[in-house]
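Trainee: Here you go, my_file10.txt (compact mmCIF, C-alpha atoms and all ligand atoms):
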```
# COMPACT_ATOMS: atom_id res chain seq x y z
CA MET S 1 4.42 -24.96 -8.44
CA GLU S 2 1.45 -24.52 -6.14
CA ASN S 3 -1.26 -22.21 -7.48
CA ALA S 4 -2.02 -18.91 -5.73
CA VAL S 5 -5.72 -19.70 -6.04
CA SER S 6 -7.38 -22.97 -6.89
CA ILE S 7 -11.15 -23.16 -7.20
CA ARG S 8 -13.14 -26.31 -7.90
CA GLU S 9 -16.88 -26.69 -8.53
CA LEU S 10 -17.55 -23.60 -6.45
CA SER S 11 -21.20 -22.74 -5.97
CA LYS S 12 -23.10 -20.17 -3.95
CA VAL S 13 -26.85 -20.04 -3.49
CA PHE S 14 -28.61 -17.12 -1.78
CA GLY S 15 -32.04 -18.33 -0.64
CA LYS S 16 -33.15 -20.28 -3.69
CA THR S 17 -31.12 -18.24 -6.16
CA PRO S 18 -27.97 -19.85 -7.52
CA VAL S 19 -25.45 -17.02 -7.91
CA LEU S 20 -22.25 -18.98 -8.65
CA LYS S 21 -22.54 -22.23 -10.56
CA ALA S 22 -19.78 -24.85 -10.28
CA LEU S 23 -16.87 -22.50 -11.01
CA ASP S 24 -13.36 -23.77 -11.67
CA LEU S 25 -10.39 -21.42 -11.71
CA ASP S 26 -6.64 -21.65 -11.17
CA LEU S 27 -4.52 -18.54 -10.75
CA LYS S 28 -0.77 -18.92 -11.02
CA LYS S 29 1.48 -17.02 -8.64
CA GLY S 30 2.16 -13.52 -9.93
CA GLU S 31 -0.71 -13.53 -12.41
CA PHE S 32 -2.88 -10.41 -12.78
CA ALA S 33 -6.40 -11.45 -13.78
CA VAL S 34 -9.37 -9.18 -14.25
CA ILE S 35 -13.00 -10.32 -14.10
CA PHE S 36 -15.49 -8.41 -16.21
CA GLY S 37 -19.19 -9.14 -16.39
CA PRO S 38 -22.65 -7.59 -16.23
CA ASN S 39 -24.32 -6.40 -13.02
CA GLY S 40 -25.39 -9.27 -10.82
CA ALA S 41 -23.11 -11.82 -12.52
CA GLY S 42 -21.63 -12.84 -9.14
CA LYS S 43 -18.24 -11.07 -9.30
CA THR S 44 -18.31 -9.55 -5.81
CA THR S 45 -19.74 -12.77 -4.40
CA LEU S 46 -16.73 -14.65 -5.79
CA LEU S 47 -14.25 -12.24 -4.18
CA LYS S 48 -16.13 -12.40 -0.87
CA LEU S 49 -15.89 -16.20 -0.94
CA ILE S 50 -12.17 -16.22 -1.68
CA SER S 51 -11.55 -13.70 1.10
CA THR S 52 -13.56 -15.84 3.62
CA LEU S 53 -16.19 -13.12 4.19
CA ILE S 54 -18.91 -15.60 3.18
CA GLU S 55 -19.01 -19.40 2.95
CA PRO S 56 -19.60 -21.46 -0.18
CA THR S 57 -22.66 -23.60 -0.71
CA GLY S 58 -20.53 -26.23 -2.45
CA GLY S 59 -17.09 -26.84 -3.90
CA SER S 60 -13.70 -25.73 -2.66
CA VAL S 61 -11.30 -22.79 -2.71
CA PHE S 62 -7.62 -22.97 -1.83
CA VAL S 63 -5.45 -19.86 -1.37
CA SER S 64 -1.71 -20.58 -1.30
CA GLY S 65 -2.68 -24.16 -0.49
CA PHE S 66 -4.97 -23.24 2.45
CA ASN S 67 -8.61 -24.27 2.34
CA ILE S 68 -10.89 -21.23 2.92
CA THR S 69 -13.36 -23.13 5.09
CA GLU S 70 -10.83 -25.17 7.07
CA GLU S 71 -8.07 -22.61 7.61
CA PRO S 72 -9.67 -19.17 7.20
CA GLU S 73 -7.14 -17.37 9.48
CA LYS S 74 -4.25 -18.56 7.35
CA VAL S 75 -6.11 -17.54 4.19
CA ARG S 76 -6.77 -14.03 5.58
CA LYS S 77 -3.06 -13.49 6.16
CA GLU S 78 -2.42 -14.18 2.49
CA ILE S 79 -5.05 -11.70 1.28
CA GLY S 80 -5.22 -7.93 0.88
CA MET S 81 -8.69 -6.74 -0.09
CA LEU S 82 -9.60 -3.40 -1.56
CA SER S 83 -13.30 -2.74 -2.17
CA HIS S 84 -15.99 -0.08 -1.76
CA ASP S 85 -16.06 -0.91 1.96
CA SER S 86 -13.10 0.79 3.63
CA TYR S 87 -13.17 -1.52 6.69
CA LEU S 88 -11.78 1.42 8.69
CA TYR S 89 -12.81 2.73 12.11
CA GLY S 90 -13.96 6.37 12.11
CA ASP S 91 -13.10 6.96 15.78
CA LEU S 92 -9.48 5.92 15.34
CA THR S 93 -6.70 7.95 13.77
CA ALA S 94 -5.05 6.86 10.53
CA LYS S 95 -2.12 5.40 12.45
CA GLU S 96 -4.33 3.67 15.01
CA ASN S 97 -6.37 2.06 12.24
CA LEU S 98 -3.25 0.60 10.62
CA HIS S 99 -1.93 -0.43 14.02
CA PHE S 100 -5.15 -2.31 14.74
CA PHE S 101 -5.00 -4.24 11.46
CA GLY S 102 -1.25 -4.83 11.79
CA LYS S 103 -1.72 -6.47 15.19
CA MET S 104 -4.53 -8.56 13.76
CA TYR S 105 -2.11 -9.86 11.13
CA GLY S 106 0.47 -10.60 13.85
CA ILE S 107 3.10 -8.09 12.67
CA ASP S 108 5.57 -7.36 15.49
CA ASP S 109 5.60 -3.86 17.00
CA HIS S 110 8.93 -2.66 15.68
CA GLU S 111 8.28 -3.82 12.12
CA LEU S 112 4.72 -2.48 12.30
CA GLU S 113 5.77 1.07 13.24
CA LYS S 114 8.19 1.18 10.30
CA ARG S 115 5.65 -0.32 7.92
CA ILE S 116 2.90 2.12 8.95
CA LEU S 117 5.15 5.13 8.38
CA GLN S 118 6.35 3.78 5.04
CA LEU S 119 2.80 3.19 3.79
CA LEU S 120 1.39 6.47 5.11
CA ASN S 121 4.20 8.13 3.23
CA GLU S 122 3.49 6.21 0.04
CA VAL S 123 -0.22 7.02 0.08
CA GLY S 124 0.44 10.68 0.92
CA LEU S 125 -1.10 10.71 4.41
CA VAL S 126 1.93 10.96 6.65
CA THR S 127 0.99 14.47 7.83
CA LYS S 128 -2.49 13.18 8.75
CA ALA S 129 -1.24 10.16 10.71
CA ASP S 130 -2.68 11.33 14.04
CA GLU S 131 -6.00 12.64 12.80
CA ARG S 132 -9.24 10.74 13.29
CA ILE S 133 -10.45 9.38 10.02
CA SER S 134 -14.02 10.58 10.66
CA THR S 135 -12.59 13.94 9.57
CA PHE S 136 -11.14 12.48 6.34
CA SER S 137 -12.56 13.02 2.85
CA ARG S 138 -13.67 9.96 0.88
CA GLY S 139 -10.47 10.15 -1.20
CA MET S 140 -8.31 10.19 1.94
CA LYS S 141 -10.15 7.19 3.35
CA GLN S 142 -9.58 5.37 0.07
CA ARG S 143 -5.85 6.10 0.31
CA LEU S 144 -5.81 4.72 3.83
CA SER S 145 -7.70 1.65 2.63
CA ILE S 146 -4.92 1.05 0.12
CA ALA S 147 -2.39 1.17 2.98
CA ARG S 148 -4.58 -1.19 5.05
CA ALA S 149 -4.86 -3.69 2.22
CA LEU S 150 -1.08 -3.78 1.66
CA LEU S 151 0.07 -3.58 5.29
CA HIS S 152 0.89 -7.28 5.79
CA ARG S 153 2.51 -7.73 2.35
CA PRO S 154 -0.26 -10.04 1.09
CA SER S 155 0.58 -12.58 -1.57
CA LEU S 156 -2.90 -12.23 -3.11
CA LEU S 157 -4.60 -8.90 -3.79
CA LEU S 158 -8.37 -8.96 -4.30
CA LEU S 159 -9.48 -5.72 -5.88
CA ASP S 160 -13.23 -5.09 -6.14
CA GLU S 161 -13.83 -2.02 -8.32
CA PRO S 162 -10.75 -0.40 -6.77
CA TYR S 163 -11.14 2.81 -8.77
CA THR S 164 -14.57 3.60 -7.33
CA GLY S 165 -14.13 6.65 -5.14
CA LEU S 166 -10.43 7.08 -5.88
CA ASP S 167 -9.55 10.62 -6.88
CA PRO S 168 -6.98 10.87 -9.72
CA GLY S 169 -4.12 11.29 -7.23
CA ALA S 170 -5.11 8.22 -5.24
CA ALA S 171 -5.61 6.22 -8.47
CA LEU S 172 -2.03 7.02 -9.42
CA VAL S 173 -0.75 6.05 -5.95
CA PHE S 174 -2.64 2.79 -6.28
CA GLU S 175 -1.23 1.96 -9.73
CA ASN S 176 2.31 2.85 -8.69
CA LEU S 177 2.04 0.61 -5.64
CA LEU S 178 0.72 -2.26 -7.76
CA LYS S 179 3.70 -1.90 -10.07
CA SER S 180 6.24 -1.45 -7.26
CA PRO S 181 8.85 -4.21 -6.84
CA GLU S 182 7.22 -5.21 -3.55
CA PHE S 183 3.94 -6.18 -5.22
CA GLN S 184 5.15 -7.14 -8.67
CA GLY S 185 5.31 -10.80 -7.65
CA SER S 186 1.95 -10.85 -5.87
CA THR S 187 -1.10 -12.38 -7.51
CA LYS S 188 -3.89 -9.98 -8.36
CA LEU S 189 -7.55 -10.64 -9.02
CA MET S 190 -9.54 -7.56 -9.91
CA VAL S 191 -13.24 -7.06 -10.59
CA SER S 192 -14.06 -4.07 -12.72
CA HIS S 193 -16.59 -2.42 -15.00
CA ASP S 194 -13.79 -0.20 -16.29
CA LEU S 195 -12.75 -2.11 -19.43
CA GLU S 196 -10.01 0.33 -20.31
CA ARG S 197 -8.19 0.32 -16.98
CA GLY S 198 -8.84 -3.36 -16.28
CA PHE S 199 -7.57 -4.43 -19.70
CA ALA S 200 -4.50 -2.19 -19.41
CA LEU S 201 -3.43 -3.61 -16.05
CA CYS S 202 -4.14 -7.33 -16.41
CA ASP S 203 -2.46 -10.19 -18.21
CA ARG S 204 -5.49 -12.50 -18.13
CA VAL S 205 -9.15 -11.71 -18.80
CA LEU S 206 -12.12 -13.58 -17.39
CA ILE S 207 -15.77 -12.87 -18.08
CA LEU S 208 -18.38 -14.00 -15.57
CA ASN S 209 -21.97 -14.07 -16.75
CA LYS S 210 -24.91 -15.46 -14.72
CA GLY S 211 -22.57 -17.24 -12.34
CA LYS S 212 -20.42 -19.01 -14.97
CA PHE S 213 -17.13 -18.13 -16.61
CA VAL S 214 -17.96 -17.59 -20.28
CA TYR S 215 -14.48 -16.41 -21.27
CA ASP S 216 -10.99 -17.08 -19.96
CA GLY S 217 -7.98 -16.02 -22.01
CA PHE S 218 -4.78 -14.06 -22.08
CA LYS S 219 -4.60 -10.42 -23.03
CA GLU S 220 -1.92 -11.17 -25.59
CA ASN S 221 -4.57 -13.06 -27.61
CA PHE S 222 -5.97 -9.64 -28.56
CA SER S 223 -4.30 -6.92 -30.57
CA GLY S 224 -5.74 -4.40 -28.11
CA LEU S 225 -8.83 -3.27 -26.23
CA GLN S 226 -10.79 -2.61 -29.43
CA GLU S 227 -10.44 -6.22 -30.58
CA PHE S 228 -11.40 -7.43 -27.11
CA ARG S 229 -14.51 -5.22 -27.22
CA ASP S 230 -15.39 -6.42 -30.74
CA LYS S 231 -15.10 -10.09 -29.84
CA CYS S 232 -16.43 -10.11 -26.29
CA SER S 233 -19.02 -7.34 -25.93
CA SER S 234 -21.95 -9.76 -26.28
CA MET S 235 -20.67 -11.67 -23.23
CA LEU S 236 -20.52 -8.50 -21.17
CA ALA S 237 -24.26 -7.74 -21.49
N1 LIG F 301 -26.16 -11.42 0.84
C1 LIG F 301 -26.93 -11.61 -0.23
N2 LIG F 301 -28.18 -12.10 -0.07
C2 LIG F 301 -28.97 -12.32 -1.16
N3 LIG F 301 -28.60 -12.10 -2.43
C3 LIG F 301 -27.38 -11.61 -2.63
C4 LIG F 301 -26.48 -11.34 -1.56
N4 LIG F 301 -25.31 -10.87 -2.07
C5 LIG F 301 -25.50 -10.85 -3.41
N5 LIG F 301 -26.72 -11.28 -3.75
C6 LIG F 301 -27.26 -11.41 -5.12
O1 LIG F 301 -26.33 -12.17 -5.86
C7 LIG F 301 -26.26 -11.71 -7.21
C8 LIG F 301 -24.81 -11.41 -7.56
O2 LIG F 301 -24.36 -10.29 -6.81
P1 LIG F 301 -22.88 -9.75 -6.93
O3 LIG F 301 -22.81 -8.53 -6.07
O4 LIG F 301 -21.93 -10.84 -6.65
O5 LIG F 301 -22.82 -9.37 -8.47
P2 LIG F 301 -21.74 -8.51 -9.25
O6 LIG F 301 -21.38 -9.28 -10.47
O7 LIG F 301 -20.63 -8.11 -8.35
O8 LIG F 301 -22.60 -7.24 -9.65
P3 LIG F 301 -22.19 -5.69 -9.81
O9 LIG F 301 -21.35 -5.63 -11.05
O10 LIG F 301 -23.50 -5.03 -9.97
O11 LIG F 301 -21.46 -5.28 -8.57
C9 LIG F 301 -27.17 -10.49 -7.28
O12 LIG F 301 -28.40 -10.89 -7.83
C10 LIG F 301 -27.33 -10.07 -5.83
O13 LIG F 301 -28.57 -9.47 -5.63
```
Using structure tokens, write down the structure that the file contains.
Mentor:
Amino acid sequence: MENAVSIRELSKVFGKTPVLKALDLDLKKGEFAVIFGPNGAGKTTLLKLISTLIEPTGGSVFVSGFNITEEPEKVRKEIGMLSHDSYLYGDLTAKENLHFFGKMYGIDDHELEKRILQLLNEVGLVTKADERISTFSRGMKQRLSIARALLHRPSLLLLDEPYTGLDPGAALVFENLLKSPEFQGSTKLMVSHDLERGFALCDRVLILNKGKFVYDGFKENFSGLQEFRDKCSSMLA
């Protein structure tokens, strides 16, 4: 079976600074992997490369068989990204924002209307559908970002510190959506400093340190979070 993500010899240099160093990684369809690692390890850079926001210096990345540099539009349709940036437009209403992104993903009008209502409902914003998001609290914007990321039923979810800025209610909405039948089969790659939540959600753990993977293993190899901490804490510093 084709991998959801296939990375070979991936490198990224900013100026003269090598940030990612010849990374290899395969993610199987449906896998939930979390990347831990110290500040500056290159975690966000890796997600930005996979999502086509920046270009690699060397190596290759395939998402659902599409090369990120040769077929970026096809790659973007496969990906839902949730990060500290909301990627939302303050002058548009909640509904208009989702409409804009839905059209960008090529969802037809009838399906899009239904999908927008369904997601606004799921993230608890249906009564705010026609309000401009410049009036929204940070938590409400984060809820709308969740809807934006899931709008086109992406096969790959890239989650960069998704809990940052989520109030407890929105965090619960987020976790319930991740576990919902619709997204159970999607592949998830999450970057987090939150060992407890990251470890609880994932089935595979990766540690990135100074631009290299220094650990790659399955959660079931550990009896629990404490054993993971005991064995891996030196790699996280
Ligand atoms: N656009 C850029 N130009 C120059 N340097 C950059 C750029 N983006 C990131 N870097 C540098 O690349 C390194 C890795 O950054 P990155 O944000 O990927 O790390 P991270 O592991 O996500 O860190 P954190 O956990 O603190 O978010 C850092 O030293 C950062 O300063």
Trainee: Which chains and residue numbers are within 6 Å of ligand LIG 301 (chain F), counting all atoms listed in the file, if I want them as a VMD selection string?
Mentor: chain S and resid 14 19 38 to 45
Trainee: If you take all atoms listed in the file and a cut-off of 7 Å, which residues of range 108-200 of chain S touch range 89-93 of chain S, and what are their nearest atom pairs and distances in Å to one decimal, in chain and number order, as JSON lines?
Mentor:
```
{"residue": "S:Ala129", "atom": "CA", "partner": "S:Thr93", "partner_atom": "CA", "distance": 6.6}
{"residue": "S:Asp130", "atom": "CA", "partner": "S:Thr93", "partner_atom": "CA", "distance": 5.3}
{"residue": "S:Glu131", "atom": "CA", "partner": "S:Thr93", "partner_atom": "CA", "distance": 4.8}
{"residue": "S:Arg132", "atom": "CA", "partner": "S:Thr93", "partner_atom": "CA", "distance": 3.8}
{"residue": "S:Ile133", "atom": "CA", "partner": "S:Gly90", "partner_atom": "CA", "distance": 5.1}
{"residue": "S:Ser134", "atom": "CA", "partner": "S:Gly90", "partner_atom": "CA", "distance": 4.5}
```
Trainee: Please determine the residues with any atom at most 10 Å from (-16.6, -15.4, -18.7) (coordinates as given in the file, with only C-alpha atoms counting) and report them as JSON, numbers by chain.
Mentor: {"S": [35, 36, 37, 41, 205, 206, 207, 208, 209, 210, 211, 212, 213, 214, 215, 216, 217, 232, 235, 236]}
Trainee: Per residue of range 117-194 of chain S within 12 Å of range 64-78 of chain S, note the shortest atom pair and the distance in Å to one decimal, counting all atoms listed in the file, and order the rows by chain and increasing residue number, as CSV.
Mentor:
```
residue,atom,partner,partner_atom,distance
S:Ala149,CA,S:Lys77,CA,10.7
S:Leu150,CA,S:Glu78,CA,10.5
S:Leu151,CA,S:Lys77,CA,10.4
S:His152,CA,S:Lys77,CA,7.4
S:Arg153,CA,S:Glu78,CA,8.1
S:Pro154,CA,S:Glu78,CA,4.9
S:Ser155,CA,S:Glu78,CA,5.3
S:Leu156,CA,S:Glu78,CA,5.9
S:Leu157,CA,S:Glu78,CA,8.5
S:Leu158,CA,S:Glu78,CA,10.4
S:Ser186,CA,S:Glu78,CA,10.0
S:Thr187,CA,S:Glu78,CA,10.2
S:Lys188,CA,S:Glu78,CA,11.7
```
Trainee: Select all residues near (3.0, -16.0, -7.1) (cut-off 8 Å, inclusive, file coordinates), counting only C-alpha atoms, and output them as a PyMOL selection string.
Mentor: chain S and resi 3-4+28-31+155+185-187
Trainee: Residues near Leu201 in chain S, anyone? I mean within 12 Å using only C-alpha atoms, not counting same-chain ones fewer than 4 positions away, as a ChimeraX atom specification.
Mentor: /S:31-35,174-176,178-179,184,188-192,194-197,205,219,225
Trainee: In Å, rounded to a single decimal, give me how far CA of Ile50 in chain S is from CA of Glu96 in chain S.
Mentor: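 CA of Glu96 in chain S sits 27.1 Å away from CA of Ile50 in chain S.
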Trainee: Residues within 8 Å of Arg148 in chain S, please, as a ChimeraX atom specification. Count all atoms listed in the file; anything in the same chain fewer than 5 positions from it doesn't count.
Mentor: /S:80,98,101
Trainee: Can you spit out the residues from that selection as a short mmCIF file (atom, residue, chain, number, x, y, z; two decimals), in the frame of the given file, using C-alpha atoms?
Mentor:
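The resulting file, result.cif, is reproduced below:
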```
data_model
loop_
_atom_site.label_atom_id
_atom_site.label_comp_id
_atom_site.auth_asym_id
_atom_site.auth_seq_id
_atom_site.Cartn_x
_atom_site.Cartn_y
_atom_site.Cartn_z
CA GLY S 80 -5.22 -7.93 0.88
CA LEU S 98 -3.25 0.60 10.62
CA PHE S 101 -5.00 -4.24 11.46
#
```
Trainee: For each of S:Gln142, S:Thr135, S:Ser180, S:Ser11, take the minimum atom-to-atom distance to Asp167 in chain S, counting all atoms listed in the file, then give the residue where this is smallest.
Mentor: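 Ranked by minimum distance to Asp167 in chain S, first place goes to S:Gln142.
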Trainee: So what do you get for CA of Phe228 in chain S versus CA of Asp203 in chain S, distance-wise?
Mentor: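 Between these atoms lies a distance of 12.9 Å.
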Trainee: Could you please determine the separation between CA of Val173 in chain S and CA of Val63 in chain S in Å, to one decimal place?
Mentor: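 Here the two named atoms are 26.7 Å from each other.
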Trainee: Please output range 38-71 of chain S, rebuilt to include N, CA and C atoms, as an mmCIF file, keeping the file's coordinate frame.
Mentor:
```
data_model
loop_
_atom_site.group_PDB
_atom_site.id
_atom_site.type_symbol
_atom_site.label_atom_id
_atom_site.label_comp_id
_atom_site.auth_asym_id
_atom_site.auth_seq_id
_atom_site.Cartn_x
_atom_site.Cartn_y
_atom_site.Cartn_z
ATOM 1 N N PRO S 38 -21.526 -8.503 -16.482
ATOM 2 C CA PRO S 38 -22.650 -7.590 -16.230
ATOM 3 C C PRO S 38 -23.012 -7.505 -14.750
ATOM 4 N N ASN S 39 -23.828 -6.534 -14.401
ATOM 5 C CA ASN S 39 -24.320 -6.400 -13.020
ATOM 6 C C ASN S 39 -24.996 -7.690 -12.598
ATOM 7 N N GLY S 40 -24.715 -8.103 -11.368
ATOM 8 C CA GLY S 40 -25.390 -9.270 -10.820
ATOM 9 C C GLY S 40 -24.806 -10.600 -11.273
ATOM 10 N N ALA S 41 -23.695 -10.573 -11.998
ATOM 11 C CA ALA S 41 -23.110 -11.820 -12.520
ATOM 12 C C ALA S 41 -22.541 -12.697 -11.394
ATOM 13 N N GLY S 42 -22.196 -12.066 -10.262
ATOM 14 C CA GLY S 42 -21.630 -12.840 -9.140
ATOM 15 C C GLY S 42 -20.174 -12.502 -8.858
ATOM 16 N N LYS S 43 -19.671 -11.419 -9.428
ATOM 17 C CA LYS S 43 -18.240 -11.070 -9.300
ATOM 18 C C LYS S 43 -17.852 -10.776 -7.846
ATOM 19 N N THR S 44 -18.628 -9.899 -7.208
ATOM 20 C CA THR S 44 -18.310 -9.550 -5.810
ATOM 21 C C THR S 44 -18.489 -10.775 -4.908
ATOM 22 N N THR S 45 -19.511 -11.555 -5.190
ATOM 23 C CA THR S 45 -19.740 -12.770 -4.400
ATOM 24 C C THR S 45 -18.507 -13.681 -4.467
ATOM 25 N N LEU S 46 -17.920 -13.804 -5.638
ATOM 26 C CA LEU S 46 -16.730 -14.650 -5.790
ATOM 27 C C LEU S 46 -15.572 -14.112 -4.936
ATOM 28 N N LEU S 47 -15.342 -12.802 -4.987
ATOM 29 C CA LEU S 47 -14.250 -12.240 -4.180
ATOM 30 C C LEU S 47 -14.530 -12.396 -2.685
ATOM 31 N N LYS S 48 -15.782 -12.236 -2.291
ATOM 32 C CA LYS S 48 -16.130 -12.400 -0.870
ATOM 33 C C LYS S 48 -15.888 -13.840 -0.410
ATOM 34 N N LEU S 49 -16.151 -14.795 -1.290
ATOM 35 C CA LEU S 49 -15.890 -16.200 -0.940
ATOM 36 C C LEU S 49 -14.406 -16.451 -0.773
ATOM 37 N N ILE S 50 -13.619 -15.973 -1.745
ATOM 38 C CA ILE S 50 -12.170 -16.220 -1.680
ATOM 39 C C ILE S 50 -11.580 -15.580 -0.422
ATOM 40 N N SER S 51 -12.131 -14.409 -0.047
ATOM 41 C CA SER S 51 -11.550 -13.700 1.100
ATOM 42 C C SER S 51 -12.138 -14.164 2.436
ATOM 43 N N THR S 52 -12.955 -15.205 2.433
ATOM 44 C CA THR S 52 -13.560 -15.840 3.620
ATOM 45 C C THR S 52 -14.643 -14.980 4.286
ATOM 46 N N LEU S 53 -15.123 -13.936 3.597
ATOM 47 C CA LEU S 53 -16.190 -13.120 4.190
ATOM 48 C C LEU S 53 -17.525 -13.874 4.199
ATOM 49 N N ILE S 54 -17.711 -14.747 3.205
ATOM 50 C CA ILE S 54 -18.910 -15.600 3.180
ATOM 51 C C ILE S 54 -18.473 -17.032 2.865
ATOM 52 N N GLU S 55 -19.373 -17.991 3.150
ATOM 53 C CA GLU S 55 -19.010 -19.400 2.950
ATOM 54 C C GLU S 55 -19.681 -19.960 1.694
ATOM 55 N N PRO S 56 -18.999 -20.879 1.029
ATOM 56 C CA PRO S 56 -19.600 -21.460 -0.180
ATOM 57 C C PRO S 56 -20.749 -22.408 0.141
ATOM 58 N N THR S 57 -21.616 -22.591 -0.833
ATOM 59 C CA THR S 57 -22.660 -23.600 -0.710
ATOM 60 C C THR S 57 -22.078 -24.976 -1.071
ATOM 61 N N GLY S 58 -21.173 -24.970 -2.046
ATOM 62 C CA GLY S 58 -20.530 -26.230 -2.450
ATOM 63 C C GLY S 58 -19.194 -25.947 -3.114
ATOM 64 N N GLY S 59 -18.383 -26.986 -3.225
ATOM 65 C CA GLY S 59 -17.090 -26.840 -3.900
ATOM 66 C C GLY S 59 -16.000 -26.374 -2.959
ATOM 67 N N SER S 60 -14.829 -26.086 -3.511
ATOM 68 C CA SER S 60 -13.700 -25.730 -2.660
ATOM 69 C C SER S 60 -12.884 -24.580 -3.238
ATOM 70 N N VAL S 61 -12.234 -23.855 -2.322
ATOM 71 C CA VAL S 61 -11.300 -22.790 -2.710
ATOM 72 C C VAL S 61 -10.045 -22.939 -1.871
ATOM 73 N N PHE S 62 -8.900 -22.969 -2.530
ATOM 74 C CA PHE S 62 -7.620 -22.970 -1.830
ATOM 75 C C PHE S 62 -6.869 -21.690 -2.192
ATOM 76 N N VAL S 63 -6.300 -21.041 -1.159
ATOM 77 C CA VAL S 63 -5.450 -19.860 -1.370
ATOM 78 C C VAL S 63 -4.072 -20.205 -0.823
ATOM 79 N N SER S 64 -3.076 -20.161 -1.670
ATOM 80 C CA SER S 64 -1.710 -20.580 -1.300
ATOM 81 C C SER S 64 -1.731 -21.938 -0.601
ATOM 82 N N GLY S 65 -2.608 -22.805 -1.045
ATOM 83 C CA GLY S 65 -2.680 -24.160 -0.490
ATOM 84 C C GLY S 65 -3.566 -24.284 0.741
ATOM 85 N N PHE S 66 -4.108 -23.179 1.268
ATOM 86 C CA PHE S 66 -4.970 -23.240 2.450
ATOM 87 C C PHE S 66 -6.440 -23.238 2.034
ATOM 88 N N ASN S 67 -7.192 -24.157 2.644
ATOM 89 C CA ASN S 67 -8.610 -24.270 2.340
ATOM 90 C C ASN S 67 -9.393 -23.160 3.059
ATOM 91 N N ILE S 68 -10.217 -22.407 2.313
ATOM 92 C CA ILE S 68 -10.890 -21.230 2.920
ATOM 93 C C ILE S 68 -11.843 -21.599 4.051
ATOM 94 N N THR S 69 -12.422 -22.795 4.002
ATOM 95 C CA THR S 69 -13.360 -23.130 5.090
ATOM 96 C C THR S 69 -12.648 -23.802 6.264
ATOM 97 N N GLU S 70 -11.522 -24.467 5.980
ATOM 98 C CA GLU S 70 -10.830 -25.170 7.070
ATOM 99 C C GLU S 70 -9.773 -24.327 7.762
ATOM 100 N N GLU S 71 -9.134 -23.418 7.013
ATOM 101 C CA GLU S 71 -8.070 -22.610 7.610
ATOM 102 C C GLU S 71 -8.240 -21.118 7.252
#
```
